[in-house]
>>> print(open('start35.cif').read())   # mmCIF, C-alpha atoms
data_entry
loop_
_atom_site.group_PDB
_atom_site.id
_atom_site.type_symbol
_atom_site.label_atom_id
_atom_site.label_comp_id
_atom_site.auth_asym_id
_atom_site.auth_seq_id
_atom_site.Cartn_x
_atom_site.Cartn_y
_atom_site.Cartn_z
ATOM 1 C CA MET A 58 0.000 0.000 0.000
ATOM 2 C CA ASN A 59 1.503 3.321 -1.120
ATOM 3 C CA PRO A 60 0.823 6.048 1.500
ATOM 4 C CA LEU A 61 1.224 8.735 -1.170
ATOM 5 C CA TYR A 62 -2.022 7.679 -2.822
ATOM 6 C CA TYR A 63 -5.553 7.161 -1.622
ATOM 7 C CA GLN A 64 -6.388 3.556 -0.827
ATOM 8 C CA PRO A 65 -10.016 2.505 -0.179
ATOM 9 C CA SER A 66 -10.537 1.305 3.365
ATOM 10 C CA GLY A 67 -12.564 -1.690 2.204
ATOM 11 C CA ARG A 68 -15.245 -0.873 4.759
ATOM 12 C CA PHE A 69 -18.933 -1.485 4.198
ATOM 13 C CA SER A 70 -22.133 -1.912 6.148
ATOM 14 C CA VAL A 71 -24.955 -4.407 5.916
ATOM 15 C CA GLY A 72 -27.273 -1.502 5.152
ATOM 16 C CA GLY A 73 -25.026 -0.415 2.282
ATOM 17 C CA ILE A 74 -25.036 -3.919 0.792
ATOM 18 C CA VAL A 75 -28.816 -4.218 1.119
ATOM 19 C CA LEU A 76 -29.279 -0.793 -0.473
ATOM 20 C CA LEU A 77 -27.021 -1.677 -3.405
ATOM 21 C CA LEU A 78 -28.612 -5.050 -4.037
ATOM 22 C CA LEU A 79 -32.250 -4.153 -3.406
ATOM 23 C CA GLY A 80 -32.045 -0.796 -5.155
ATOM 24 C CA GLY A 81 -30.178 -2.292 -8.094
ATOM 25 C CA LEU A 82 -32.548 -5.243 -8.491
ATOM 26 C CA VAL A 83 -35.581 -2.957 -8.408
ATOM 27 C CA ALA A 84 -34.107 -0.386 -10.812
ATOM 28 C CA ALA A 85 -33.057 -3.073 -13.291
ATOM 29 C CA VAL A 86 -36.690 -4.083 -13.930
ATOM 30 C CA PRO A 87 -37.963 -0.873 -15.612
ATOM 31 C CA LEU A 88 -34.613 -0.518 -17.398
ATOM 32 C CA ALA A 89 -35.003 -4.054 -18.775
ATOM 33 C CA PHE A 90 -38.531 -3.236 -19.975
ATOM 34 C CA ALA A 91 -37.353 -0.047 -21.705
ATOM 35 C CA TYR A 92 -34.441 -1.877 -23.331
ATOM 36 C CA THR A 93 -36.514 -4.816 -24.571
ATOM 37 C CA TYR A 94 -39.322 -2.661 -25.942
ATOM 38 C CA ALA A 95 -36.782 -0.477 -27.758
ATOM 39 C CA VAL A 96 -35.215 -3.544 -29.369
ATOM 40 C CA TRP A 97 -38.633 -4.946 -30.240
ATOM 41 C CA TYR A 98 -40.289 -1.887 -31.757
ATOM 42 C CA ILE A 99 -37.404 0.001 -33.388
ATOM 43 C CA PRO A 100 -36.818 -1.956 -36.601
ATOM 44 C CA PHE A 101 -33.172 -1.080 -37.042
ATOM 45 C CA ILE A 102 -31.112 -4.069 -35.992
ATOM 46 C CA TYR A 103 -27.942 -1.980 -36.275
ATOM 47 C CA LEU A 104 -29.062 0.033 -33.231
ATOM 48 C CA ASN A 105 -29.313 -2.992 -30.935
ATOM 49 C CA PHE A 106 -25.647 -2.718 -29.984
ATOM 50 C CA PHE A 107 -26.163 0.875 -28.841
ATOM 51 C CA PHE A 108 -29.335 -0.065 -26.959
ATOM 52 C CA THR A 109 -27.308 -2.693 -25.099
ATOM 53 C CA LEU A 110 -24.609 -0.114 -24.320
ATOM 54 C CA ILE A 111 -27.224 2.262 -22.941
ATOM 55 C CA PHE A 112 -28.892 -0.512 -20.928
ATOM 56 C CA GLY A 113 -25.615 -1.643 -19.372
ATOM 57 C CA TRP A 114 -24.490 1.926 -18.690
ATOM 58 C CA ALA A 115 -27.848 2.803 -17.081
ATOM 59 C CA ILE A 116 -27.580 -0.144 -14.678
ATOM 60 C CA GLY A 117 -23.990 0.830 -13.848
ATOM 61 C CA TRP A 118 -24.975 4.472 -13.329
ATOM 62 C CA VAL A 119 -27.716 3.498 -10.866
ATOM 63 C CA LEU A 120 -25.260 1.241 -9.032
ATOM 64 C CA GLN A 121 -22.768 4.110 -8.746
ATOM 65 C CA LYS A 122 -25.407 6.250 -7.037
ATOM 66 C CA LEU A 123 -26.262 3.400 -4.680
ATOM 67 C CA VAL A 124 -22.582 2.824 -3.822
ATOM 68 C CA LYS A 125 -22.339 6.498 -2.915
ATOM 69 C CA SER A 126 -25.545 6.503 -0.861
ATOM 70 C CA GLY A 127 -24.560 3.310 0.947
ATOM 71 C CA HIS A 128 -20.992 4.529 1.707
ATOM 72 C CA LEU A 129 -19.565 1.340 0.223
ATOM 73 C CA ARG A 130 -15.745 1.654 0.125
ATOM 74 C CA ASN A 131 -14.937 -1.893 -0.925
ATOM 75 C CA PRO A 132 -14.350 -1.883 -4.709
ATOM 76 C CA THR A 133 -14.258 -5.663 -5.110
ATOM 77 C CA LEU A 134 -17.495 -6.145 -3.187
ATOM 78 C CA ALA A 135 -19.160 -3.301 -5.101
ATOM 79 C CA GLY A 136 -18.108 -4.884 -8.405
ATOM 80 C CA LEU A 137 -19.304 -8.361 -7.448
ATOM 81 C CA LEU A 138 -22.671 -7.099 -6.262
ATOM 82 C CA GLY A 139 -22.904 -5.087 -9.457
ATOM 83 C CA VAL A 140 -22.416 -8.268 -11.487
ATOM 84 C CA VAL A 141 -25.302 -9.884 -9.583
ATOM 85 C CA VAL A 142 -27.527 -6.939 -10.492
ATOM 86 C CA GLY A 143 -26.296 -7.045 -14.091
ATOM 87 C CA LEU A 144 -27.181 -10.738 -14.373
ATOM 88 C CA TRP A 145 -30.603 -10.001 -12.944
ATOM 89 C CA GLY A 146 -31.161 -7.213 -15.481
ATOM 90 C CA TRP A 147 -30.079 -9.546 -18.279
ATOM 91 C CA TYR A 148 -32.491 -12.242 -17.051
ATOM 92 C CA VAL A 149 -35.411 -9.820 -16.686
ATOM 93 C CA GLN A 150 -34.985 -8.538 -20.233
ATOM 94 C CA TRP A 151 -35.195 -12.141 -21.475
ATOM 95 C CA CYS A 152 -38.393 -12.655 -19.500
ATOM 96 C CA VAL A 153 -39.858 -9.524 -21.086
ATOM 97 C CA TYR A 154 -38.713 -10.586 -24.565
ATOM 98 C CA ILE A 155 -40.142 -14.112 -24.305
ATOM 99 C CA THR A 156 -43.436 -12.662 -23.027
ATOM 100 C CA LEU A 157 -43.579 -10.391 -26.071
ATOM 101 C CA LEU A 158 -42.839 -13.379 -28.323
ATOM 102 C CA ALA A 159 -45.709 -15.296 -26.727
ATOM 103 C CA GLY A 160 -48.069 -12.418 -27.500
ATOM 104 C CA ALA A 161 -46.750 -11.689 -30.995
ATOM 105 C CA GLY A 162 -49.293 -11.383 -33.767
ATOM 106 C CA GLU A 163 -49.497 -9.505 -37.042
ATOM 107 C CA VAL A 164 -46.228 -8.466 -38.680
ATOM 108 C CA GLU A 165 -46.141 -5.022 -40.286
ATOM 109 C CA GLN A 166 -43.670 -4.474 -43.129
ATOM 110 C CA PHE A 167 -41.795 -1.225 -43.651
ATOM 111 C CA GLY A 168 -40.490 -1.609 -47.173
ATOM 112 C CA SER A 169 -38.474 -4.682 -48.043
ATOM 113 C CA ARG A 170 -35.924 -4.467 -45.244
ATOM 114 C CA PHE A 171 -37.730 -3.757 -41.969
ATOM 115 C CA SER A 172 -40.702 -5.217 -40.155
ATOM 116 C CA VAL A 173 -42.264 -5.046 -36.700
ATOM 117 C CA ALA A 174 -44.350 -7.749 -35.055
ATOM 118 C CA HIS A 175 -47.235 -6.282 -33.096
ATOM 119 C CA THR A 176 -47.608 -7.913 -29.697
ATOM 120 C CA SER A 177 -49.457 -7.824 -26.406
ATOM 121 C CA PHE A 178 -47.964 -8.105 -22.958
ATOM 122 C CA ASP A 179 -49.461 -10.602 -20.518
ATOM 123 C CA PHE A 180 -48.281 -9.852 -16.991
ATOM 124 C CA ASN A 181 -49.134 -13.358 -15.751
ATOM 125 C CA PHE A 182 -46.958 -14.866 -18.466
ATOM 126 C CA PHE A 183 -44.163 -12.500 -17.534
ATOM 127 C CA LEU A 184 -44.438 -13.333 -13.844
ATOM 128 C CA GLY A 185 -44.432 -17.034 -14.644
ATOM 129 C CA PHE A 186 -41.235 -16.718 -16.673
ATOM 130 C CA LEU A 187 -39.650 -14.505 -14.008
ATOM 131 C CA LEU A 188 -40.302 -17.057 -11.268
ATOM 132 C CA SER A 189 -39.201 -20.051 -13.358
ATOM 133 C CA PRO A 190 -35.593 -19.421 -14.434
ATOM 134 C CA GLY A 191 -35.028 -23.042 -15.446
ATOM 135 C CA GLU A 192 -38.012 -23.035 -17.796
ATOM 136 C CA THR A 193 -37.169 -19.585 -19.151
ATOM 137 C CA LEU A 194 -33.539 -20.369 -19.920
ATOM 138 C CA SER A 195 -34.527 -23.677 -21.512
ATOM 139 C CA ILE A 196 -36.334 -21.682 -24.215
ATOM 140 C CA LEU A 197 -33.119 -20.009 -25.382
ATOM 141 C CA PRO A 198 -31.722 -23.039 -27.304
ATOM 142 C CA GLU A 199 -34.933 -23.227 -29.321
ATOM 143 C CA LEU A 200 -34.734 -19.498 -30.075
ATOM 144 C CA ALA A 201 -31.099 -19.898 -31.095
ATOM 145 C CA GLU A 202 -31.948 -22.768 -33.422
ATOM 146 C CA ASN A 203 -34.733 -20.910 -35.193
ATOM 147 C CA GLY A 204 -33.312 -17.400 -34.937
ATOM 148 C CA THR A 205 -35.125 -14.255 -33.784
ATOM 149 C CA TRP A 206 -33.972 -11.708 -36.371
ATOM 150 C CA SER A 207 -32.222 -11.424 -39.712
ATOM 151 C CA LEU A 208 -29.424 -9.350 -41.171
ATOM 152 C CA PHE A 209 -29.144 -8.644 -44.913
ATOM 153 C CA LYS A 210 -32.010 -11.140 -45.415
ATOM 154 C CA MET A 211 -29.956 -13.825 -43.643
ATOM 155 C CA ASN A 212 -31.520 -15.459 -40.612
ATOM 156 C CA VAL A 213 -29.128 -15.140 -37.662
ATOM 157 C CA SER A 214 -29.200 -18.363 -35.656
ATOM 158 C CA GLY A 215 -27.093 -21.078 -34.080
ATOM 159 C CA VAL A 216 -23.542 -20.329 -32.952
ATOM 160 C CA LEU A 217 -23.591 -16.833 -34.433
ATOM 161 C CA LEU A 218 -26.659 -15.881 -32.430
ATOM 162 C CA TYR A 219 -25.138 -17.339 -29.256
ATOM 163 C CA LEU A 220 -22.069 -15.164 -29.849
ATOM 164 C CA VAL A 221 -24.284 -12.088 -30.202
ATOM 165 C CA TRP A 222 -26.080 -12.927 -26.962
ATOM 166 C CA LEU A 223 -22.754 -13.514 -25.211
ATOM 167 C CA ALA A 224 -21.468 -10.133 -26.403
ATOM 168 C CA GLU A 225 -24.633 -8.437 -25.108
ATOM 169 C CA LEU A 226 -24.256 -10.143 -21.725
ATOM 170 C CA ALA A 227 -20.583 -9.146 -21.576
ATOM 171 C CA LEU A 228 -21.415 -5.487 -22.232
ATOM 172 C CA ILE A 229 -24.038 -5.448 -19.489
ATOM 173 C CA LEU A 230 -21.725 -7.132 -16.971
ATOM 174 C CA VAL A 231 -18.743 -4.916 -17.805
ATOM 175 C CA PHE A 232 -20.718 -1.772 -16.985
ATOM 176 C CA SER A 233 -22.290 -3.419 -13.930
ATOM 177 C CA TRP A 234 -18.816 -4.333 -12.643
ATOM 178 C CA ILE A 235 -16.688 -1.324 -13.569
ATOM 179 C CA LEU A 236 -18.962 1.618 -12.733
ATOM 180 C CA PRO A 237 -19.811 0.723 -9.101
ATOM 181 C CA MET A 238 -16.244 -0.462 -8.511
ATOM 182 C CA SER A 239 -14.808 2.817 -9.821
ATOM 183 C CA LYS A 240 -17.081 4.781 -7.489
ATOM 184 C CA ALA A 241 -16.004 2.689 -4.493
ATOM 185 C CA LYS A 242 -12.373 3.524 -5.355
ATOM 186 C CA GLU A 243 -12.904 7.292 -5.151
ATOM 187 C CA PRO A 244 -11.496 9.228 -2.161
ATOM 188 C CA TYR A 245 -13.566 9.026 0.996
ATOM 189 C CA SER A 246 -13.005 10.645 4.378
ATOM 190 C CA GLU A 247 -13.276 8.065 7.137
ATOM 191 C CA VAL A 248 -13.115 10.954 9.638
ATOM 192 C CA ALA A 249 -16.049 12.926 8.237
ATOM 193 C CA GLU A 250 -17.764 9.829 6.791
ATOM 194 C CA GLN A 251 -18.334 11.486 3.442
ATOM 195 C CA TRP A 252 -17.097 11.235 -0.108
ATOM 196 C CA ALA A 253 -14.607 13.776 -1.385
ATOM 197 C CA GLU A 254 -16.120 16.108 -3.963
ATOM 198 C CA LYS A 255 -14.490 16.222 -7.377
ATOM 199 C CA THR A 256 -13.614 19.533 -9.023
ATOM 200 C CA VAL A 257 -12.114 19.902 -12.490
ATOM 201 C CA LEU A 258 -9.796 22.901 -12.304
ATOM 202 C CA PRO A 259 -10.840 25.167 -15.165
ATOM 203 C CA HIS A 260 -7.484 26.294 -16.551
ATOM 204 C CA PRO A 261 -5.484 23.633 -18.421
ATOM 205 C CA ALA A 262 -1.965 22.651 -17.478
ATOM 206 C CA ALA A 263 0.894 22.185 -19.904
ATOM 207 C CA HIS A 264 0.757 18.775 -21.556
ATOM 208 C CA PHE A 265 2.502 16.058 -19.532
ATOM 209 C CA ASP A 266 4.919 14.901 -22.217
ATOM 210 C CA ASP A 267 6.766 12.578 -19.841
ATOM 211 C CA PRO A 268 4.192 11.050 -17.462
ATOM 212 C CA ALA A 269 6.845 9.091 -15.557
ATOM 213 C CA ALA A 270 8.789 12.302 -14.852
ATOM 214 C CA THR A 271 5.596 14.044 -13.758
ATOM 215 C CA ILE A 272 4.731 11.247 -11.363
ATOM 216 C CA ALA A 273 8.264 11.214 -9.900
ATOM 217 C CA ALA A 274 8.249 15.008 -9.447
ATOM 218 C CA LEU A 275 4.876 15.124 -7.708
ATOM 219 C CA GLU A 276 5.665 12.147 -5.499
ATOM 220 C CA ALA A 277 8.722 14.173 -4.409
ATOM 221 C CA ALA A 278 6.394 17.116 -3.650
ATOM 222 C CA ASP A 279 7.734 19.226 -6.528
ATOM 223 C CA TRP A 280 4.444 21.024 -7.170
ATOM 224 C CA ASN A 281 6.122 23.629 -9.390
ATOM 225 C CA HIS A 282 6.402 20.862 -11.971
ATOM 226 C CA LEU A 283 2.751 21.637 -12.793
ATOM 227 C CA GLN A 284 2.698 24.548 -15.221
ATOM 228 C CA LEU A 285 -0.170 26.461 -16.798
ATOM 229 C CA ARG A 286 -0.725 25.896 -20.483
ATOM 230 C CA PRO A 287 0.722 28.874 -22.442
ATOM 231 C CA ALA A 288 -2.020 31.428 -23.105
ATOM 232 C CA GLN A 289 -1.259 31.681 -26.832
ATOM 233 C CA LEU A 290 -2.178 28.035 -27.460
ATOM 234 C CA SER A 291 -5.686 27.245 -28.711
ATOM 235 C CA ASP A 292 -8.294 25.331 -26.726
ATOM 236 C CA THR A 293 -7.843 22.298 -28.996
ATOM 237 C CA THR A 294 -4.108 22.017 -28.308
ATOM 238 C CA SER A 295 -3.067 18.960 -26.308
ATOM 239 C CA HIS A 296 -2.856 19.849 -22.634
ATOM 240 C CA GLY A 297 -3.040 18.496 -19.110
ATOM 241 C CA ARG A 298 -6.055 18.522 -16.812
ATOM 242 C CA LEU A 299 -6.138 18.663 -13.014
ATOM 243 C CA ASN A 300 -8.950 16.959 -11.125
ATOM 244 C CA VAL A 301 -8.988 17.627 -7.395
ATOM 245 C CA TYR A 302 -10.930 15.883 -4.637
ATOM 246 C CA ARG A 303 -11.749 17.228 -1.188
ATOM 247 C CA ALA A 304 -14.177 16.202 1.541
ATOM 248 C CA PRO A 305 -16.184 19.300 2.634
ATOM 249 C CA ALA A 306 -16.015 18.444 6.344
ATOM 250 C CA ASP A 307 -12.428 17.144 6.364
ATOM 251 C CA PRO A 308 -9.808 19.705 5.222
ATOM 252 C CA ASP A 309 -7.090 17.036 5.335
ATOM 253 C CA CYS A 310 -8.857 14.845 2.760
ATOM 254 C CA CYS A 311 -7.248 16.286 -0.391
ATOM 255 C CA TYR A 312 -6.260 14.369 -3.520
ATOM 256 C CA LEU A 313 -5.120 15.111 -7.053
ATOM 257 C CA SER A 314 -5.570 13.264 -10.341
ATOM 258 C CA LEU A 315 -3.998 14.228 -13.660
ATOM 259 C CA GLU A 316 -4.866 13.342 -17.223
ATOM 260 C CA ASN A 317 -3.576 14.268 -20.639
ATOM 261 C CA VAL A 318 -6.124 15.664 -23.074
ATOM 262 C CA SER A 319 -5.684 15.434 -26.828
ATOM 263 C CA PHE A 320 -7.962 16.040 -29.792
ATOM 264 C CA GLU A 321 -8.632 14.060 -32.935
ATOM 265 C CA LEU A 322 -10.414 15.093 -36.130
ATOM 266 C CA ASP A 323 -12.851 12.741 -37.819
ATOM 267 C CA LYS A 324 -13.417 12.540 -41.574
ATOM 268 C CA ASP A 325 -15.874 15.447 -41.355
ATOM 269 C CA GLY A 326 -13.361 17.671 -39.577
ATOM 270 C CA LYS A 327 -15.126 17.486 -36.214
ATOM 271 C CA SER A 328 -12.894 17.443 -33.163
ATOM 272 C CA SER A 329 -13.284 14.836 -30.412
ATOM 273 C CA GLU A 330 -11.547 14.816 -27.039
ATOM 274 C CA LYS A 331 -9.369 11.915 -25.912
ATOM 275 C CA THR A 332 -8.060 11.553 -22.360
ATOM 276 C CA ALA A 333 -5.339 9.424 -20.796
ATOM 277 C CA ASP A 334 -4.740 9.089 -17.058
ATOM 278 C CA VAL A 335 -1.333 10.231 -15.792
ATOM 279 C CA LEU A 336 -1.849 9.615 -12.075
ATOM 280 C CA GLU A 337 -4.830 9.053 -9.837
ATOM 281 C CA TYR A 338 -5.666 10.118 -6.275
ATOM 282 C CA LEU A 339 -2.281 11.470 -5.148
ATOM 283 C CA ARG A 340 -2.459 12.774 -1.593
ATOM 284 C CA VAL A 341 -1.916 16.552 -1.441
ATOM 285 C CA PRO A 342 -1.231 18.695 1.676
ATOM 286 C CA PRO A 343 -4.154 21.047 2.408
ATOM 287 C CA GLN A 344 -2.093 24.218 1.849
ATOM 288 C CA THR A 345 -0.748 22.919 -1.454
ATOM 289 C CA PHE A 346 -4.270 21.943 -2.441
ATOM 290 C CA GLN A 347 -5.424 25.525 -1.917
ATOM 291 C CA GLU A 348 -2.473 26.885 -3.877
ATOM 292 C CA LEU A 349 -3.118 24.586 -6.825
ATOM 293 C CA HIS A 350 -6.798 25.427 -6.760
ATOM 294 C CA ALA A 351 -6.060 29.162 -6.919
ATOM 295 C CA ARG A 352 -3.277 28.800 -9.454
ATOM 296 C CA PHE A 353 -5.360 26.815 -11.929
ATOM 297 C CA SER A 354 -8.582 28.733 -11.393
ATOM 298 C CA ALA A 355 -9.970 30.864 -14.189
ATOM 299 C CA VAL A 356 -9.346 34.164 -12.371
ATOM 300 C CA GLU A 357 -5.726 33.361 -11.573
ATOM 301 C CA ALA A 358 -5.086 32.152 -15.114
ATOM 302 C CA LEU A 359 -6.615 35.324 -16.559
ATOM 303 C CA ASN A 360 -4.390 37.465 -14.369
ATOM 304 C CA GLN A 361 -1.340 35.560 -15.521
ATOM 305 C CA GLU A 362 -2.269 35.924 -19.185
ATOM 306 C CA HIS A 363 -2.455 39.730 -18.842
ATOM 307 C CA SER A 364 0.609 40.164 -16.611
#
>>> encode(input="start35.cif", output="structure tokens")
Amino acid sequence: MNPLYYQPSGRFSVGGIVLLLLGGLVAAVPLAFAYTYAVWYIPFIYLNFFFTLIFGWAIGWVLQKLVKSGHLRNPTLAGLLGVVVGLWGWYVQWCVYITLLAGAGEVEQFGSRFSVAHTSFDFNFFLGFLLSPGETLSILPELAENGTWSLFKMNVSGVLLYLVWLAELALILVFSWILPMSKAKEPYSEVAEQWAEKTVLPHPAAHFDDPAATIAALEAADWNHLQLRPAQLSDTTSHGRLNVYRAPADPDCCYLSLENVSFELDKDGKSSEKTADVLEYLRVPPQTFQELHARFSAVEALNQEHS
């Protein structure tokens, strides 16, 4: 354990675990309904991947909020419980989908490439599937054999369809694992029993061309190593960014994270931001924290530009 960096205490409470699990399991149900209905009624199979991304991210986002509310500072536990919730969300969406299949009726064509099957939702069917996981999961091999959708007029079934389902499950579980775990890793004051608040300092730093040298300098408390980005450079020039963390009721709970920011142009000439972590959660003395905050604030930077 490196004392120069924040290390989660690993602490948790029974109430925090119950809140994460119960809240996550409950929230996953309406999210699964929204996801399944979007996949069912929007006849663009190419969007399914993005729907899955949104579904997985939404579950992870809810879990992050529950980790914060439950003061869960054990990243591994938060991640494992998140996976449980992710699996539940994945299972619920299958229950919804199979219920819609059971109620499917007339198919409406939209040109030669898209179609939507009108359906009805029977809550008793849904509840029966939800309470019978063995029966529900036993339906999947039959669906895989016959296929549930087509691509370029080719019915997707068998091994290929299993691979698609596996990829969807992986996306959901990755978000369910990473997002709550990342929240549990954030700085927390055990003295004040509160999370440190993150602030992105508004004025950019000079780009960290040699991350290893930057890390070595800051670990040696050479804070002058951090320099403001020259004023004459444009906003889309590669630069460094300072993220600071401080607990409102604990002035000694101060941490610093750095990242490099670069910009890339797509084929249409639009710029997109790319970030790369340089260091994360370095402990900073309270006085130094205040100095960095003032130095990289917008007012201080403006004064420097005109001096």
>>> resolve_selection(input="start35.cif", expression="the PyMOL selection byres ((chain A and resi 343) around 8)", output="VMD selection string")
chain A and resid 308 to 311 341 to 342 344 to 347
>>> closest_residue(input="start35.cif", among="A:Tyr338, A:Trp151, A:Tyr302, A:Phe112", to="Glu276 of chain A", atoms="all atoms listed in the file")
A:Tyr338
>>> atom_distance(input="start35.cif", atom1="atom CA of Gly215 of chain A", atom2="atom CA of Ala227 of chain A")
18.5 Å
>>> resolve_selection(input="start35.cif", expression="the PyMOL selection byres ((chain A and resi 251) around 12)", output="list in words")
Lys125, Ser126, Gly127, His128, Leu129, Arg130, Glu243, Pro244, Tyr245, Ser246, Glu247, Val248, Ala249, Glu250, Trp252, Ala253, Glu254, Tyr302, Arg303, Ala304, Pro305, Ala306, Asp307, Pro308 and Cys310 of chain A
>>> atom_distance(input="start35.cif", atom1="atom CA of Phe107 of chain A", atom2="atom CA of Leu77 of chain A")
25.6 Å
>>> closest_residue(input="start35.cif", among="A:Val124, A:Glu225, A:Pro87, A:Leu157", to="Val75 of chain A", atoms="all atoms listed in the file")
A:Val124
>>> atom_distance(input="start35.cif", atom1="atom CA of Leu78 of chain A", atom2="atom CA of Trp145 of chain A")
10.4 Å
>>> closest_residue(input="start35.cif", among="A:Asn105, A:Thr256, A:Thr133, A:Thr93", to="Trp234 of chain A", atoms="only C-alpha atoms")
A:Thr133
>>> closest_residue(input="start35.cif", among="A:Leu134, A:Ala89, A:Val141, A:His282", to="Val71 of chain A", atoms="only C-alpha atoms")
A:Leu134
>>> closest_residue(input="start35.cif", among="A:Val140, A:Leu200, A:Ile155, A:Leu120", to="Phe90 of chain A", atoms="all atoms listed in the file")
A:Ile155
>>> resolve_selection(input="start35.cif", expression="the PyMOL selection byres ((chain A and resi 319-326) around 9)", output="compact mmCIF listing (two decimals) with C-alpha atoms, in the coordinates of the input")
# COMPACT_ATOMS: atom_id res chain seq x y z
CA HIS A 264 0.76 18.77 -21.56
CA THR A 293 -7.84 22.30 -29.00
CA THR A 294 -4.11 22.02 -28.31
CA SER A 295 -3.07 18.96 -26.31
CA HIS A 296 -2.86 19.85 -22.63
CA GLY A 297 -3.04 18.50 -19.11
CA ASN A 317 -3.58 14.27 -20.64
CA VAL A 318 -6.12 15.66 -23.07
CA LYS A 327 -15.13 17.49 -36.21
CA SER A 328 -12.89 17.44 -33.16
CA SER A 329 -13.28 14.84 -30.41
CA GLU A 330 -11.55 14.82 -27.04
CA LYS A 331 -9.37 11.92 -25.91
CA THR A 332 -8.06 11.55 -22.36
CA ALA A 333 -5.34 9.42 -20.80
>>> closest_residue(input="start35.cif", among="A:Arg298, A:Lys255, A:Lys242, A:His175", to="Glu316 of chain A", atoms="all atoms listed in the file")
A:Arg298
>>> residues_around(input="start35.cif", residues="Leu144 of chain A", least_positions_apart="2", cutoff="9 Å", atoms="only C-alpha atoms", output="list in words")
Gly139, Val140, Val141, Val142, Gly146, Trp147, Tyr148, Val149, Leu226, Ile229, Leu230 and Ser233 of chain A
>>> residues_near_point(input="start35.cif", point="(-41.3, -16.5, -17.1)", cutoff="12 Å", atoms="all atoms listed in the file", output="VMD selection string")
chain A and resid 148 to 159 179 to 196
>>> axis_aligned_box(input="start35.cif", around="segment 337-342 of chain A", padding_each_side="6 Å", output="AutoDock Vina command-line options")
--center_x -3.4 --center_y 13.9 --center_z -4.1 --size_x 16.4 --size_y 21.6 --size_z 23.5
>>> residues_around(input="start35.cif", residues="Phe232 of chain A", least_positions_apart="3", cutoff="8 Å", atoms="all atoms listed in the file", output="list of chain:residue names")
A:Gly113, A:Trp114, A:Ile116, A:Gly117, A:Leu228, A:Ile229, A:Ile235, A:Leu236
>>> residues_around(input="start35.cif", residues="Tyr62 of chain A", least_positions_apart="5", cutoff="8 Å", atoms="all atoms listed in the file", output="mmCIF file with C-alpha atoms, in the frame of the given file")
data_model
loop_
_atom_site.group_PDB
_atom_site.id
_atom_site.type_symbol
_atom_site.label_atom_id
_atom_site.label_comp_id
_atom_site.auth_asym_id
_atom_site.auth_seq_id
_atom_site.Cartn_x
_atom_site.Cartn_y
_atom_site.Cartn_z
ATOM 1 C CA TYR A 312 -6.260 14.369 -3.520
ATOM 2 C CA GLU A 337 -4.830 9.053 -9.837
ATOM 3 C CA TYR A 338 -5.666 10.118 -6.275
ATOM 4 C CA LEU A 339 -2.281 11.470 -5.148
ATOM 5 C CA ARG A 340 -2.459 12.774 -1.593
#
>>> build_atoms(input="start35.cif", residues="segment 281-292 of chain A", atoms="N, CA and C atoms", output="PDB file, in the frame of the given file")
ATOM      1  N   ASN A 281       5.831  22.680  -8.318  1.00  0.00           N
ATOM      2  CA  ASN A 281       6.122  23.629  -9.390  1.00  0.00           C
ATOM      3  C   ASN A 281       6.266  22.931 -10.750  1.00  0.00           C
ATOM      4  N   HIS A 282       6.339  21.623 -10.719  1.00  0.00           N
ATOM      5  CA  HIS A 282       6.402  20.862 -11.971  1.00  0.00           C
ATOM      6  C   HIS A 282       5.132  21.084 -12.800  1.00  0.00           C
ATOM      7  N   LEU A 283       4.018  21.391 -12.106  1.00  0.00           N
ATOM      8  CA  LEU A 283       2.751  21.637 -12.793  1.00  0.00           C
ATOM      9  C   LEU A 283       2.731  23.067 -13.307  1.00  0.00           C
ATOM     10  N   GLN A 284       2.668  23.232 -14.596  1.00  0.00           N
ATOM     11  CA  GLN A 284       2.698  24.548 -15.221  1.00  0.00           C
ATOM     12  C   GLN A 284       1.406  24.805 -15.992  1.00  0.00           C
ATOM     13  N   LEU A 285       0.986  26.078 -16.006  1.00  0.00           N
ATOM     14  CA  LEU A 285      -0.170  26.461 -16.798  1.00  0.00           C
ATOM     15  C   LEU A 285       0.128  26.308 -18.287  1.00  0.00           C
ATOM     16  N   ARG A 286      -0.885  25.935 -19.036  1.00  0.00           N
ATOM     17  CA  ARG A 286      -0.725  25.896 -20.483  1.00  0.00           C
ATOM     18  C   ARG A 286      -0.494  27.312 -21.000  1.00  0.00           C
ATOM     19  N   PRO A 287       0.479  27.528 -21.898  1.00  0.00           N
ATOM     20  CA  PRO A 287       0.722  28.874 -22.442  1.00  0.00           C
ATOM     21  C   PRO A 287      -0.554  29.480 -23.022  1.00  0.00           C
ATOM     22  N   ALA A 288      -0.777  30.762 -22.732  1.00  0.00           N
ATOM     23  CA  ALA A 288      -2.020  31.428 -23.105  1.00  0.00           C
ATOM     24  C   ALA A 288      -2.225  31.497 -24.610  1.00  0.00           C
ATOM     25  N   GLN A 289      -1.125  31.516 -25.388  1.00  0.00           N
ATOM     26  CA  GLN A 289      -1.259  31.681 -26.832  1.00  0.00           C
ATOM     27  C   GLN A 289      -1.734  30.418 -27.537  1.00  0.00           C
ATOM     28  N   LEU A 290      -1.742  29.279 -26.839  1.00  0.00           N
ATOM     29  CA  LEU A 290      -2.178  28.035 -27.460  1.00  0.00           C
ATOM     30  C   LEU A 290      -3.703  27.970 -27.505  1.00  0.00           C
ATOM     31  N   SER A 291      -4.234  27.335 -28.548  1.00  0.00           N
ATOM     32  CA  SER A 291      -5.686  27.245 -28.711  1.00  0.00           C
ATOM     33  C   SER A 291      -6.278  26.211 -27.760  1.00  0.00           C
ATOM     34  N   ASP A 292      -7.601  26.250 -27.633  1.00  0.00           N
ATOM     35  CA  ASP A 292      -8.294  25.331 -26.726  1.00  0.00           C
ATOM     36  C   ASP A 292      -8.192  23.877 -27.190  1.00  0.00           C
TER      37      ASP A 292
END
